[in-house]
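Participant: Next comes start.txt, compact mmCIF, C-alpha atoms and all ligand atoms:
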# COMPACT_ATOMS: atom_id res chain seq x y z
CA MET A 58 0.00 0.00 0.00
CA ILE A 59 1.30 3.46 -0.88
CA LYS A 60 0.22 5.50 2.13
CA PHE A 61 -1.19 8.97 1.62
CA LEU A 62 1.16 10.30 4.27
CA ASP A 63 3.65 8.30 6.33
CA LEU A 64 4.25 10.66 9.24
CA LYS A 65 6.35 8.14 11.14
CA ALA A 66 8.82 7.87 8.27
CA ILE A 67 8.83 11.65 7.79
CA ASN A 68 9.61 12.31 11.43
CA ASP A 69 12.20 9.50 11.52
CA SER A 70 14.05 11.36 8.78
CA PHE A 71 14.75 14.16 11.30
CA GLU A 72 16.33 11.84 13.84
CA PRO A 73 18.33 12.02 16.05
CA ASP A 74 17.65 15.77 16.16
CA LEU A 75 14.02 15.45 17.29
CA SER A 76 14.97 13.18 20.20
CA LEU A 77 17.76 15.55 21.17
CA ALA A 78 15.34 18.49 21.09
CA ILE A 79 12.87 16.66 23.33
CA LYS A 80 15.70 15.69 25.70
CA ARG A 81 16.80 19.34 25.89
CA VAL A 82 13.34 20.32 27.13
CA LEU A 83 13.20 17.39 29.57
CA ASP A 84 16.57 18.39 30.97
CA SER A 85 15.55 22.03 31.29
CA GLY A 86 12.55 21.23 33.48
CA TRP A 87 10.65 24.12 31.84
CA TYR A 88 7.54 23.32 29.78
CA LEU A 89 5.64 26.49 28.86
CA LEU A 90 6.54 30.07 27.89
CA GLY A 91 10.27 29.49 28.03
CA ASN A 92 13.43 29.73 25.94
CA GLU A 93 12.34 27.24 23.28
CA VAL A 94 9.16 29.10 22.41
CA GLU A 95 11.04 32.39 22.44
CA ALA A 96 13.73 30.98 20.12
CA PHE A 97 11.19 29.47 17.73
CA GLU A 98 9.13 32.67 17.63
CA LEU A 99 12.25 34.61 16.68
CA GLU A 100 13.26 32.12 13.98
CA TYR A 101 9.78 31.85 12.51
CA SER A 102 9.23 35.61 12.42
CA LYS A 103 12.55 35.95 10.59
CA PHE A 104 11.60 33.14 8.22
CA ILE A 105 8.19 34.64 7.43
CA GLY A 106 9.51 38.19 7.41
CA THR A 107 7.36 39.82 10.09
CA LYS A 108 8.26 41.78 13.19
CA HIS A 109 6.29 39.50 15.53
CA CYS A 110 5.46 35.84 15.95
CA ILE A 111 3.30 34.57 18.80
CA GLY A 112 3.23 30.82 19.38
CA VAL A 113 -0.27 29.50 20.16
CA ALA A 114 -1.89 26.10 20.68
CA ASN A 115 -3.09 25.43 17.11
CA GLY A 116 -4.01 27.02 13.80
CA LEU A 117 -7.68 27.54 14.61
CA ASP A 118 -6.73 29.42 17.77
CA ALA A 119 -4.28 31.56 15.80
CA LEU A 120 -7.13 32.76 13.56
CA ARG A 121 -9.62 33.08 16.45
CA LEU A 122 -7.14 35.14 18.47
CA ILE A 123 -6.47 37.57 15.62
CA LEU A 124 -10.19 38.37 15.36
CA LYS A 125 -10.65 38.42 19.13
CA ALA A 126 -7.81 40.94 19.38
CA TYR A 127 -9.39 43.14 16.71
CA ILE A 128 -12.59 43.12 18.79
CA GLU A 129 -10.69 44.06 21.97
CA MET A 130 -8.95 46.85 20.05
CA GLY A 131 -12.29 48.24 18.87
CA ILE A 132 -11.51 47.59 15.21
CA MET A 133 -14.26 44.96 14.87
CA LYS A 134 -17.48 44.31 16.77
CA GLU A 135 -20.12 41.59 17.00
CA GLY A 136 -22.02 41.24 13.73
CA ASP A 137 -19.33 42.76 11.53
CA GLU A 138 -18.66 40.92 8.28
CA ILE A 139 -15.54 39.08 7.20
CA ILE A 140 -15.11 38.00 3.58
CA VAL A 141 -13.87 34.42 3.38
CA PRO A 142 -13.60 31.74 0.67
CA ALA A 143 -16.50 29.27 0.55
CA ASN A 144 -13.93 26.69 -0.58
CA THR A 145 -11.77 26.17 2.49
CA TYR A 146 -11.30 23.90 5.44
CA ILE A 147 -14.05 24.70 7.96
CA ALA A 148 -11.57 25.95 10.60
CA THR A 149 -11.22 29.25 8.73
CA ILE A 150 -14.94 29.86 9.08
CA LEU A 151 -15.18 28.57 12.67
CA ALA A 152 -12.65 31.24 13.70
CA ILE A 153 -15.06 33.91 12.43
CA THR A 154 -18.32 32.61 13.89
CA ASP A 155 -16.61 31.81 17.20
CA ASN A 156 -16.10 35.58 17.56
CA ARG A 157 -19.74 36.32 16.64
CA LEU A 158 -18.59 37.89 13.40
CA LYS A 159 -20.38 37.08 10.16
CA PRO A 160 -18.58 35.07 7.45
CA VAL A 161 -19.48 36.23 3.95
CA LEU A 162 -18.65 33.37 1.62
CA VAL A 163 -17.11 33.97 -1.81
CA GLU A 164 -16.75 31.41 -4.59
CA PRO A 165 -13.32 30.16 -5.72
CA ASN A 166 -11.68 30.40 -9.10
CA ILE A 167 -12.17 26.94 -10.63
CA ASN A 168 -8.52 26.74 -11.76
CA THR A 169 -6.77 27.68 -8.53
CA TYR A 170 -9.49 26.62 -6.03
CA ASN A 171 -8.60 29.81 -4.15
CA ILE A 172 -10.96 32.75 -3.54
CA ASP A 173 -11.91 34.51 -6.79
CA PRO A 174 -10.52 38.05 -6.31
CA PHE A 175 -13.05 39.44 -8.79
CA LYS A 176 -16.06 38.22 -6.83
CA ILE A 177 -15.13 40.00 -3.61
CA GLU A 178 -16.06 43.63 -4.23
CA GLU A 179 -19.77 42.87 -4.82
CA LYS A 180 -19.89 41.42 -1.26
CA ILE A 181 -18.40 44.48 0.45
CA ASN A 182 -20.74 46.80 2.38
CA GLU A 183 -20.54 49.13 5.41
CA HIS A 184 -20.35 46.13 7.80
CA THR A 185 -17.34 44.57 6.07
CA LYS A 186 -14.25 44.81 8.26
CA GLY A 187 -11.87 42.24 6.88
CA ILE A 188 -10.91 39.69 4.27
CA MET A 189 -9.56 36.34 5.40
CA ILE A 190 -7.74 34.72 2.51
CA VAL A 191 -6.67 31.07 2.56
CA HIS A 192 -3.66 29.82 0.61
CA LEU A 193 -5.43 26.54 -0.06
CA TYR A 194 -3.51 23.34 -0.80
CA GLY A 195 -0.28 25.37 -0.41
CA GLN A 196 -0.84 27.82 -3.25
CA ASN A 197 -0.71 31.54 -2.56
CA SER A 198 -4.07 33.22 -3.05
CA MET A 199 -2.85 36.81 -2.96
CA HIS A 200 -3.76 39.04 -5.90
CA SER A 201 -3.34 42.72 -6.73
CA GLU A 202 -7.15 43.03 -6.79
CA ILE A 203 -7.30 41.93 -3.14
CA GLN A 204 -4.68 44.53 -2.22
CA ARG A 205 -6.70 47.17 -4.10
CA LEU A 206 -9.88 46.32 -2.17
CA VAL A 207 -8.09 46.25 1.20
CA THR A 208 -6.77 49.75 0.56
CA LYS A 209 -9.93 51.16 -1.01
CA TYR A 210 -12.26 49.97 1.79
CA ASN A 211 -9.72 50.13 4.64
CA LEU A 212 -10.10 46.44 5.53
CA GLN A 213 -7.99 44.12 7.66
CA LEU A 214 -6.30 41.47 5.52
CA ILE A 215 -5.86 38.23 7.44
CA GLU A 216 -4.09 35.23 5.94
CA ASP A 217 -4.90 31.63 6.80
CA ASN A 218 -1.43 30.24 6.16
CA ALA A 219 -2.15 26.81 7.68
CA GLN A 220 -1.45 24.94 4.43
CA SER A 221 1.29 27.10 2.99
CA SER A 222 4.29 27.43 5.32
CA GLY A 223 7.23 28.57 3.22
CA CYS A 224 5.19 29.78 0.25
CA PHE A 225 6.04 33.01 -1.59
CA TYR A 226 4.17 35.83 -3.27
CA GLY A 227 6.86 37.49 -5.33
CA SER A 228 9.77 38.03 -2.94
CA GLN A 229 7.59 37.95 0.20
CA ARG A 230 6.46 34.92 2.14
CA THR A 231 2.78 34.27 2.64
CA GLY A 232 2.08 35.07 6.27
CA ALA A 233 3.69 38.49 5.77
CA LEU A 234 1.33 39.81 3.09
CA GLY A 235 -1.53 41.15 5.19
CA HIS A 236 -2.10 42.68 8.62
CA ALA A 237 -1.92 39.34 10.43
CA ALA A 238 -1.67 35.64 9.62
CA GLY A 239 -2.56 32.37 11.33
CA HIS A 240 -0.25 29.35 10.97
CA SER A 241 -0.84 25.70 11.86
CA PHE A 242 1.77 23.14 12.88
CA TYR A 243 -0.66 20.21 12.93
CA PRO A 244 1.46 17.07 12.32
CA GLY A 245 0.40 16.65 8.67
CA LYS A 246 1.09 20.25 7.61
CA ASN A 247 4.25 21.19 5.68
CA LEU A 248 5.82 22.35 8.96
CA GLY A 249 4.34 19.83 11.37
CA ALA A 250 4.91 19.38 15.09
CA LEU A 251 4.45 16.12 17.03
CA GLY A 252 1.09 17.31 18.27
CA ASP A 253 -0.86 20.54 17.99
CA GLY A 254 0.79 23.90 17.48
CA GLY A 255 0.18 27.22 15.79
CA ALA A 256 1.35 30.81 15.50
CA VAL A 257 0.27 34.32 14.61
CA THR A 258 2.59 36.57 12.62
CA THR A 259 2.12 40.31 12.27
CA ASN A 260 4.01 43.59 11.98
CA ASN A 261 1.52 45.40 14.25
CA ASP A 262 2.96 45.95 17.77
CA GLU A 263 -0.37 46.54 19.47
CA LEU A 264 -2.04 43.56 17.82
CA ALA A 265 0.89 41.35 18.82
CA ASN A 266 0.69 42.48 22.45
CA VAL A 267 -3.06 41.96 22.67
CA ILE A 268 -2.83 38.49 21.10
CA ARG A 269 0.01 37.46 23.40
CA SER A 270 -2.07 38.53 26.38
CA LEU A 271 -5.35 37.00 25.12
CA ALA A 272 -3.62 33.65 24.57
CA ASN A 273 -2.47 33.68 28.20
CA TYR A 274 -5.79 34.25 30.07
CA GLY A 275 -5.80 37.91 29.05
CA SER A 276 -2.80 38.55 31.23
CA SER A 277 0.57 40.08 30.44
CA LYS A 278 1.58 40.38 34.09
CA LYS A 279 1.02 37.26 36.18
CA TYR A 280 -2.28 37.38 38.14
CA PHE A 281 -3.32 40.70 36.57
CA ASN A 282 -5.89 40.29 33.80
CA ASP A 283 -6.64 42.98 31.26
CA TYR A 284 -8.93 40.89 29.03
CA GLN A 285 -11.22 37.88 29.25
CA GLY A 286 -8.65 35.71 27.53
CA ILE A 287 -8.21 32.04 26.77
CA ASN A 288 -5.41 29.53 27.34
CA SER A 289 -3.73 28.88 24.00
CA ARG A 290 0.02 28.39 24.15
CA LEU A 291 2.64 26.60 22.10
CA ASP A 292 4.52 24.31 24.48
CA GLU A 293 8.30 24.03 24.85
CA ILE A 294 8.58 20.52 23.40
CA GLN A 295 6.70 21.47 20.20
CA ALA A 296 8.74 24.68 19.91
CA ALA A 297 11.99 22.68 20.19
CA ILE A 298 10.78 20.24 17.53
CA LEU A 299 9.66 23.01 15.20
CA GLN A 300 13.11 24.65 15.35
CA VAL A 301 14.60 21.40 14.00
CA LYS A 302 12.00 21.03 11.26
CA LEU A 303 12.00 24.68 10.18
CA LYS A 304 15.66 24.38 9.13
CA ARG A 305 14.69 21.92 6.40
CA LEU A 306 11.35 23.38 5.34
CA ASP A 307 12.51 25.08 2.12
CA ILE A 308 14.35 21.96 0.99
CA ASP A 309 11.39 19.72 1.80
CA ASN A 310 9.07 22.08 -0.06
CA GLN A 311 11.36 21.99 -3.07
CA HIS A 312 11.07 18.22 -3.00
CA ARG A 313 7.29 18.47 -3.00
CA TYR A 314 7.60 20.76 -6.03
CA GLU A 315 9.72 18.20 -7.91
CA ILE A 316 7.09 15.54 -7.29
CA ALA A 317 4.26 17.85 -8.33
CA LYS A 318 6.15 18.67 -11.51
CA TYR A 319 6.69 14.96 -12.21
CA TYR A 320 2.99 14.24 -11.71
CA CYS A 321 1.97 17.14 -13.95
CA LYS A 322 4.34 16.17 -16.75
CA ASN A 323 3.42 12.50 -16.73
CA ILE A 324 -0.25 12.17 -15.85
CA ILE A 325 -1.94 12.02 -19.22
CA ASN A 326 -5.63 11.20 -19.01
CA SER A 327 -8.15 13.53 -20.60
CA ASP A 328 -10.67 12.91 -17.79
CA ILE A 329 -8.25 14.08 -15.11
CA ILE A 330 -7.83 17.78 -14.42
CA LEU A 331 -4.41 18.65 -13.05
CA PRO A 332 -3.55 21.59 -10.79
CA VAL A 333 -2.52 24.81 -12.53
CA GLN A 334 1.18 24.70 -13.23
CA LYS A 335 2.14 28.32 -12.85
CA ASP A 336 5.26 27.45 -10.87
CA PHE A 337 6.87 25.04 -13.28
CA PHE A 338 8.17 27.55 -15.74
CA ASN A 339 9.64 30.95 -14.85
CA VAL A 340 11.34 29.67 -11.74
CA ASP A 341 12.44 32.71 -9.83
CA PHE A 342 15.82 32.35 -8.14
CA PHE A 343 16.20 34.03 -4.79
CA SER A 344 19.67 35.45 -4.51
CA GLY A 345 21.52 36.51 -1.40
CA ASN A 346 21.02 33.38 0.69
CA ASN A 347 20.58 29.65 0.30
CA ARG A 348 16.90 29.68 -0.72
CA VAL A 349 16.38 27.52 -3.71
CA PHE A 350 13.70 29.65 -5.32
CA ASN A 351 10.52 31.32 -4.25
CA GLN A 352 7.73 28.89 -4.79
CA SER A 353 4.25 30.35 -5.13
CA HIS A 354 2.88 26.87 -4.39
CA VAL A 355 4.36 24.65 -1.68
CA TRP A 356 2.22 21.64 -2.61
CA HIS A 357 0.78 20.85 0.78
CA LEU A 358 -1.65 18.79 -1.30
CA PHE A 359 -1.56 17.60 -4.90
CA VAL A 360 -5.20 17.83 -5.91
CA ILE A 361 -6.64 16.45 -9.14
CA ARG A 362 -10.25 16.56 -10.32
CA HIS A 363 -12.38 13.91 -11.97
CA ASN A 364 -16.13 14.01 -12.58
CA GLN A 365 -16.50 10.49 -11.17
CA ARG A 366 -14.15 11.02 -8.29
CA ASP A 367 -15.48 8.35 -5.92
CA LYS A 368 -15.06 5.63 -8.55
CA LEU A 369 -11.52 6.79 -9.25
CA GLN A 370 -10.69 6.76 -5.55
CA LYS A 371 -11.99 3.20 -5.22
CA TYR A 372 -9.99 2.10 -8.26
CA LEU A 373 -6.79 3.58 -6.86
CA ASN A 374 -7.47 2.04 -3.48
CA ASP A 375 -7.88 -1.38 -5.11
CA LYS A 376 -4.48 -0.83 -6.74
CA GLY A 377 -2.91 -0.11 -3.36
CA ILE A 378 -2.83 3.67 -3.59
CA GLN A 379 -4.27 5.64 -0.69
CA THR A 380 -5.85 9.00 -1.56
CA ILE A 381 -7.85 11.52 0.50
CA ILE A 382 -10.60 14.00 -0.36
CA HIS A 383 -9.94 17.60 0.71
CA TYR A 384 -12.80 18.13 1.39
CA PRO A 385 -15.95 16.06 0.89
CA VAL A 386 -18.54 18.52 2.32
CA PRO A 387 -18.35 22.32 2.02
CA SER A 388 -18.88 24.38 5.17
CA HIS A 389 -22.22 25.74 3.98
CA LYS A 390 -23.57 22.17 3.68
CA GLN A 391 -22.44 21.10 7.15
CA LEU A 392 -24.84 20.44 10.02
CA ALA A 393 -22.80 22.95 12.03
CA TYR A 394 -24.10 25.72 9.73
CA LYS A 395 -27.70 24.56 9.19
CA GLU A 396 -28.76 28.12 8.46
CA TRP A 397 -26.67 28.07 5.27
CA ASN A 398 -27.62 24.61 3.99
CA LYS A 399 -29.95 26.03 1.33
CA LEU A 400 -27.37 28.49 -0.03
CA SER A 401 -25.86 27.70 -3.38
CA PHE A 402 -22.16 27.99 -4.23
CA PRO A 403 -21.95 25.90 -7.41
CA ILE A 404 -18.19 26.16 -7.98
CA THR A 405 -17.46 25.28 -4.37
CA GLU A 406 -19.87 22.36 -4.57
CA LYS A 407 -18.41 21.12 -7.86
CA THR A 408 -14.94 21.26 -6.34
CA HIS A 409 -16.00 19.27 -3.30
CA ASN A 410 -17.58 16.64 -5.55
CA GLU A 411 -14.60 16.24 -7.87
CA VAL A 412 -11.33 16.74 -5.98
CA LEU A 413 -8.96 13.96 -4.98
CA SER A 414 -5.55 14.36 -3.31
CA LEU A 415 -2.70 12.10 -4.44
CA PRO A 416 0.16 11.20 -2.09
CA ILE A 417 2.81 13.94 -1.99
CA ASN A 418 5.59 14.55 0.51
CA HIS A 419 9.34 14.91 0.44
CA LEU A 420 9.96 11.19 1.09
CA ILE A 421 7.77 9.64 -1.59
CA LYS A 422 9.83 7.52 -4.00
CA ILE A 423 9.85 8.10 -7.73
CA GLU A 424 8.90 4.41 -8.30
CA ASP A 425 5.78 5.00 -6.23
CA CYS A 426 4.96 8.09 -8.32
CA LYS A 427 5.46 6.06 -11.50
CA MET A 428 3.11 3.37 -10.24
CA ILE A 429 0.47 5.99 -9.37
CA ILE A 430 0.87 7.66 -12.77
CA ASN A 431 0.63 4.38 -14.69
CA ASN A 432 -2.59 3.50 -12.92
CA LEU A 433 -4.06 6.94 -13.62
CA ASN A 434 -3.01 6.88 -17.28
CA THR A 435 -4.62 3.51 -17.93
CA TYR A 436 -7.82 4.33 -16.04
CA ASN A 437 -11.01 4.45 -18.05
CA LYS A 438 -14.20 5.21 -16.20
C1 LIG A 501 -5.28 22.86 9.35
C2 LIG A 501 -6.02 24.07 9.00
C3 LIG A 501 -6.49 24.97 9.98
C4 LIG A 501 -6.49 24.68 11.44
O1 LIG A 501 -5.27 24.37 11.99
P1 LIG A 501 -5.23 23.44 13.31
O2 LIG A 501 -3.81 23.57 13.76
O3 LIG A 501 -5.60 22.06 12.90
O4 LIG A 501 -6.19 24.04 14.29
C5 LIG A 501 -7.07 26.15 9.54
N1 LIG A 501 -7.21 26.44 8.24
C6 LIG A 501 -6.80 25.60 7.28
C7 LIG A 501 -6.98 25.99 5.85
C8 LIG A 501 -6.21 24.38 7.63
O5 LIG A 501 -5.82 23.54 6.66
For the structure just supplied, provide its representation as structure tokens.
Ligand SMILES: *Cc1c(COP(=O)(O)O)cnc(C)c1O
Facilitator:
Amino acid sequence: MIKFLDLKAINDSFEPDLSLAIKRVLDSGWYLLGNEVEAFELEYSKFIGTKHCIGVANGLDALRLILKAYIEMGIMKEGDEIIVPANTYIATILAITDNRLKPVLVEPNINTYNIDPFKIEEKINEHTKGIMIVHLYGQNSMHSEIQRLVTKYNLQLIEDNAQSSGCFYGSQRTGALGHAAGHSFYPGKNLGALGDGGAVTTNNDELANVIRSLANYGSSKKYFNDYQGINSRLDEIQAAILQVKLKRLDIDNQHRYEIAKYYCKNIINSDIILPVQKDFFNVDFFSGNNRVFNQSHVWHLFVIRHNQRDKLQKYLNDKGIQTIIHYPVPSHKQLAYKEWNKLSFPITEKTHNEVLSLPINHLIKIEDCKMIINNLNTYNK
């Protein structure tokens, strides 16, 4: 069986450094809000290119805390509207409703699966306070039109960078493009911890201070509470592990790119729609340090489409190839959002009915890719 993602093998490839990092924390006797978190926050803010990084418990909390801070700062209030892609993982939308803000869903572009920049302006009104973009599947979703709208309507631009650690937009990393960004270090993400983890990055000093306090019971001085906060902290062991894994992130992402390129060049089946290939030509070298090049897609997922997706998945499974659907049910069709179940987002729905994610990670062998490709090329529905 070719596994969709062999996390054990991936993490083994970082040994003995992960064990040494864990041992360092054990030996220190310090488990929360210590040197490891501080060191990781500094490294990650440098990597992303922002002034601040605040480690938090997970990616959903990172997004929730950004909005909660905007509410504390008086920039947003209950009932205000946040533009968000209809085609995303539900966590993006949960972060908005959890703060009693109103998500305003926008259809994706069918080629990129990311929010369609040209369908945003018609949804903006006097209640709109922000746009939360999602770099879905690892591909940057930034666009000059989004920047134009943010400036024209004075909106907060928040990035959901959970799937795109290391990705670029021009010479900037995603996570540094807007006013604030949420990051996830869930084990299966491109930069994955050995448990939950997340971070907020921003250049805004006040926002950073408020988030740091909100994530620690609303307190910046022990036993004095300025806000009704929550407990959402990155722990020392995860921070130590993430320092090890961050060092290799660009190289691992380049590996994902090579595999994506191989899939795109060799999968030839007129019923299968491949991801857009904008990265494969015009590779943009990044001079001045050891970056390989600035990828605008870090291939968190390699997503194909087929109009009889479930049959194709079963066929691949019978051939020993594990695939996953990201995602089978759109947020507006979930029981959690019953009030939206009758809404219609045809492109989002089509995407959810047709997408299938093939195995992709930096350890997958070329023979395995060849086997997957051969099976796809000989498949007839
Ligand atoms: C994973 C993910 C999140 C949530 O991150 P967690 O660390 O699992 O809470 C949010 N948004 C997107 C797009 C994700 O893929």
Participant: Using all atoms listed in the file, which protein or nucleic acid residues come within 10 Å of Val386 in chain A? Drop anything in the same chain fewer than 3 positions from it, and give the result as a VMD selection string.
Facilitator: chain A and resid 144 146 to 147 382 to 383 389 to 391 405 to 406 408 to 410
Participant: Considering all atoms listed in the file, give me a table of residues in chain A that are at most 9 Å from ligand LIG 501 (chain A), with the closest atom pair and distance in Å for each, as a tab-separated table.
Facilitator:
residue	atom	partner	partner_atom	distance
A:Ala114	CA	A:LIG501	O2	7.6
A:Asn115	CA	A:LIG501	O2	3.9
A:Gly116	CA	A:LIG501	O1	3.4
A:Leu117	CA	A:LIG501	O4	3.8
A:Asp118	CA	A:LIG501	O4	6.4
A:Ala119	CA	A:LIG501	O4	7.9
A:Leu120	CA	A:LIG501	C5	7.7
A:Thr145	CA	A:LIG501	C7	5.9
A:Tyr146	CA	A:LIG501	C7	4.8
A:Ile147	CA	A:LIG501	N1	7.1
A:Ala148	CA	A:LIG501	C5	4.6
A:Thr149	CA	A:LIG501	N1	4.9
A:Ile150	CA	A:LIG501	N1	8.5
A:Ala152	CA	A:LIG501	C5	8.6
A:Val191	CA	A:LIG501	C7	6.1
A:His192	CA	A:LIG501	C7	7.3
A:Leu193	CA	A:LIG501	C7	6.1
A:Tyr194	CA	A:LIG501	O5	7.8
A:Asp217	CA	A:LIG501	N1	5.9
A:Asn218	CA	A:LIG501	C7	7.0
A:Ala219	CA	A:LIG501	C8	4.7
A:Gln220	CA	A:LIG501	O5	5.1
A:Ser221	CA	A:LIG501	O5	8.8
A:Gly239	CA	A:LIG501	C5	7.9
A:His240	CA	A:LIG501	O1	7.1
A:Ser241	CA	A:LIG501	O2	4.1
A:Phe242	CA	A:LIG501	O2	5.7
A:Tyr243	CA	A:LIG501	O2	4.7
A:Pro244	CA	A:LIG501	O2	8.5
A:Gly245	CA	A:LIG501	C1	8.4
A:Lys246	CA	A:LIG501	C1	7.1
A:Asp253	CA	A:LIG501	O2	6.0
A:Gly254	CA	A:LIG501	O2	5.9
A:Gly255	CA	A:LIG501	O2	5.8
Participant: As an exercise, work out the distance from CA of Ser198 in chain A to CA of Arg121 in chain A in Å and give it to one decimal place.
Facilitator: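 Computing the Euclidean distance for CA of Ser198 in chain A and CA of Arg121 in chain A yields 20.3 Å.
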Participant: Box in all listed atoms of range 205-213 of chain A, axis-aligned, with 3 Å more on each side; write out centre and edge lengths in Å to one decimal as JSON.
Facilitator:
{"center_x": -9.5, "center_y": 47.6, "center_z": 1.8, "size_x": 11.6, "size_y": 13.0, "size_z": 17.8}
Participant: Using all atoms listed in the file, can you tell me which of A:Leu248, A:Ile132, A:Leu271, A:Ile172 comes closest to Val301 in chain A?
Facilitator: A:Leu248
Participant: Considering only C-alpha atoms, can you say which of A:Ile430, A:Phe359, A:Ser270, A:Leu373 comes closest to Leu415 in chain A?
Facilitator: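 The closest residue to Leu415 in chain A is A:Phe359.
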Participant: Residues proximal to (-8.7, 14.4, -12.9) were defined as those with any atom within 12 Å of that point in the file's coordinates, counting only C-alpha atoms. Which are they, as a PyMOL selection string?
Facilitator: chain A and resi 320-321+324-332+359-370+408+410-415+430+433-434+436-438
Participant: Please, what distance in Å, to one decimal, runs between CA of Asp84 in chain A and CA of Lys302 in chain A?
Facilitator: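 Atom-to-atom, CA of Asp84 in chain A to CA of Lys302 in chain A, that is 20.4 Å.
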Participant: For CA of Leu122 in chain A and CA of Glu216 in chain A, quote the distance in Å rounded to one decimal.
Facilitator: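 Distance between the two atoms: 12.9 Å.
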Participant: From the options A:Lys180, A:Arg81, A:Lys103, A:Lys186, which residue's atoms come nearest to Asp137 in chain A, counting all atoms listed in the file?
Facilitator: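 Among the listed residues, the smallest separation from Asp137 in chain A belongs to A:Lys186.
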Participant: For Asn182 in chain A, which residue out of A:His357, A:Ile123, A:Glu138, A:Asn211 is the nearest one, using all atoms listed in the file?
Facilitator: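 Comparing A:His357, A:Ile123, A:Glu138, A:Asn211 against Asn182 in chain A, the winner is A:Glu138.
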Participant: Identify which of the residues A:Gln196, A:Glu202, A:Val257, A:Glu164 lies closest to Pro387 in chain A, counting all atoms listed in the file when measuring atom-to-atom distances.
Facilitator: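 For Pro387 in chain A, the nearest of the candidates is A:Glu164.
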Participant: For Ala265 in chain A, which residue among A:Gly112, A:Gly377, A:Gly249, A:Gly91 is the nearest when counting all atoms listed in the file?
Facilitator: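 Going through A:Gly112, A:Gly377, A:Gly249, A:Gly91 one by one, the smallest distance to Ala265 in chain A is for A:Gly112.
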Participant: Kindly add all heavy atoms to the incomplete range 396-400 of chain A and provide the output as a tab-separated table (two decimals), in the coordinates of the input.
Facilitator:
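Written file, rebuild_36.tsv:
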chain	number	residue	atom	x	y	z
A	396	GLU	N	-28.12	26.93	9.02
A	396	GLU	CA	-28.76	28.12	8.46
A	396	GLU	C	-28.29	28.42	7.03
A	396	GLU	O	-28.92	29.18	6.31
A	396	GLU	CB	-28.55	29.32	9.39
A	396	GLU	CG	-27.11	29.78	9.59
A	396	GLU	CD	-26.32	29.01	10.67
A	396	GLU	OE1	-26.66	27.83	10.94
A	396	GLU	OE2	-25.38	29.59	11.23
A	397	TRP	N	-27.18	27.82	6.62
A	397	TRP	CA	-26.67	28.07	5.27
A	397	TRP	C	-26.94	26.92	4.30
A	397	TRP	O	-26.57	27.01	3.12
A	397	TRP	CB	-25.13	28.25	5.29
A	397	TRP	CG	-24.63	29.37	6.12
A	397	TRP	CD1	-25.32	30.47	6.56
A	397	TRP	CD2	-23.29	29.52	6.63
A	397	TRP	NE1	-24.50	31.29	7.30
A	397	TRP	CE2	-23.25	30.72	7.35
A	397	TRP	CE3	-22.13	28.75	6.52
A	397	TRP	CZ2	-22.10	31.18	7.99
A	397	TRP	CZ3	-20.98	29.20	7.14
A	397	TRP	CH2	-20.97	30.41	7.86
A	398	ASN	N	-27.54	25.83	4.80
A	398	ASN	CA	-27.62	24.61	3.99
A	398	ASN	C	-28.33	24.82	2.65
A	398	ASN	O	-28.08	24.09	1.70
A	398	ASN	CB	-28.27	23.47	4.77
A	398	ASN	CG	-27.37	22.87	5.84
A	398	ASN	OD1	-27.76	22.00	6.59
A	398	ASN	ND2	-26.13	23.35	5.96
A	399	LYS	N	-29.22	25.80	2.59
A	399	LYS	CA	-29.95	26.03	1.33
A	399	LYS	C	-29.19	26.96	0.38
A	399	LYS	O	-29.59	27.12	-0.77
A	399	LYS	CB	-31.33	26.61	1.64
A	399	LYS	CG	-32.27	25.60	2.29
A	399	LYS	CD	-33.73	25.81	1.82
A	399	LYS	CE	-34.61	24.66	2.24
A	399	LYS	NZ	-34.78	24.55	3.71
A	400	LEU	N	-28.13	27.59	0.84
A	400	LEU	CA	-27.37	28.49	-0.03
A	400	LEU	C	-26.71	27.68	-1.15
A	400	LEU	O	-26.44	26.49	-1.00
A	400	LEU	CB	-26.30	29.24	0.75
A	400	LEU	CG	-26.77	30.17	1.87
A	400	LEU	CD1	-25.58	30.86	2.53
A	400	LEU	CD2	-27.76	31.20	1.34
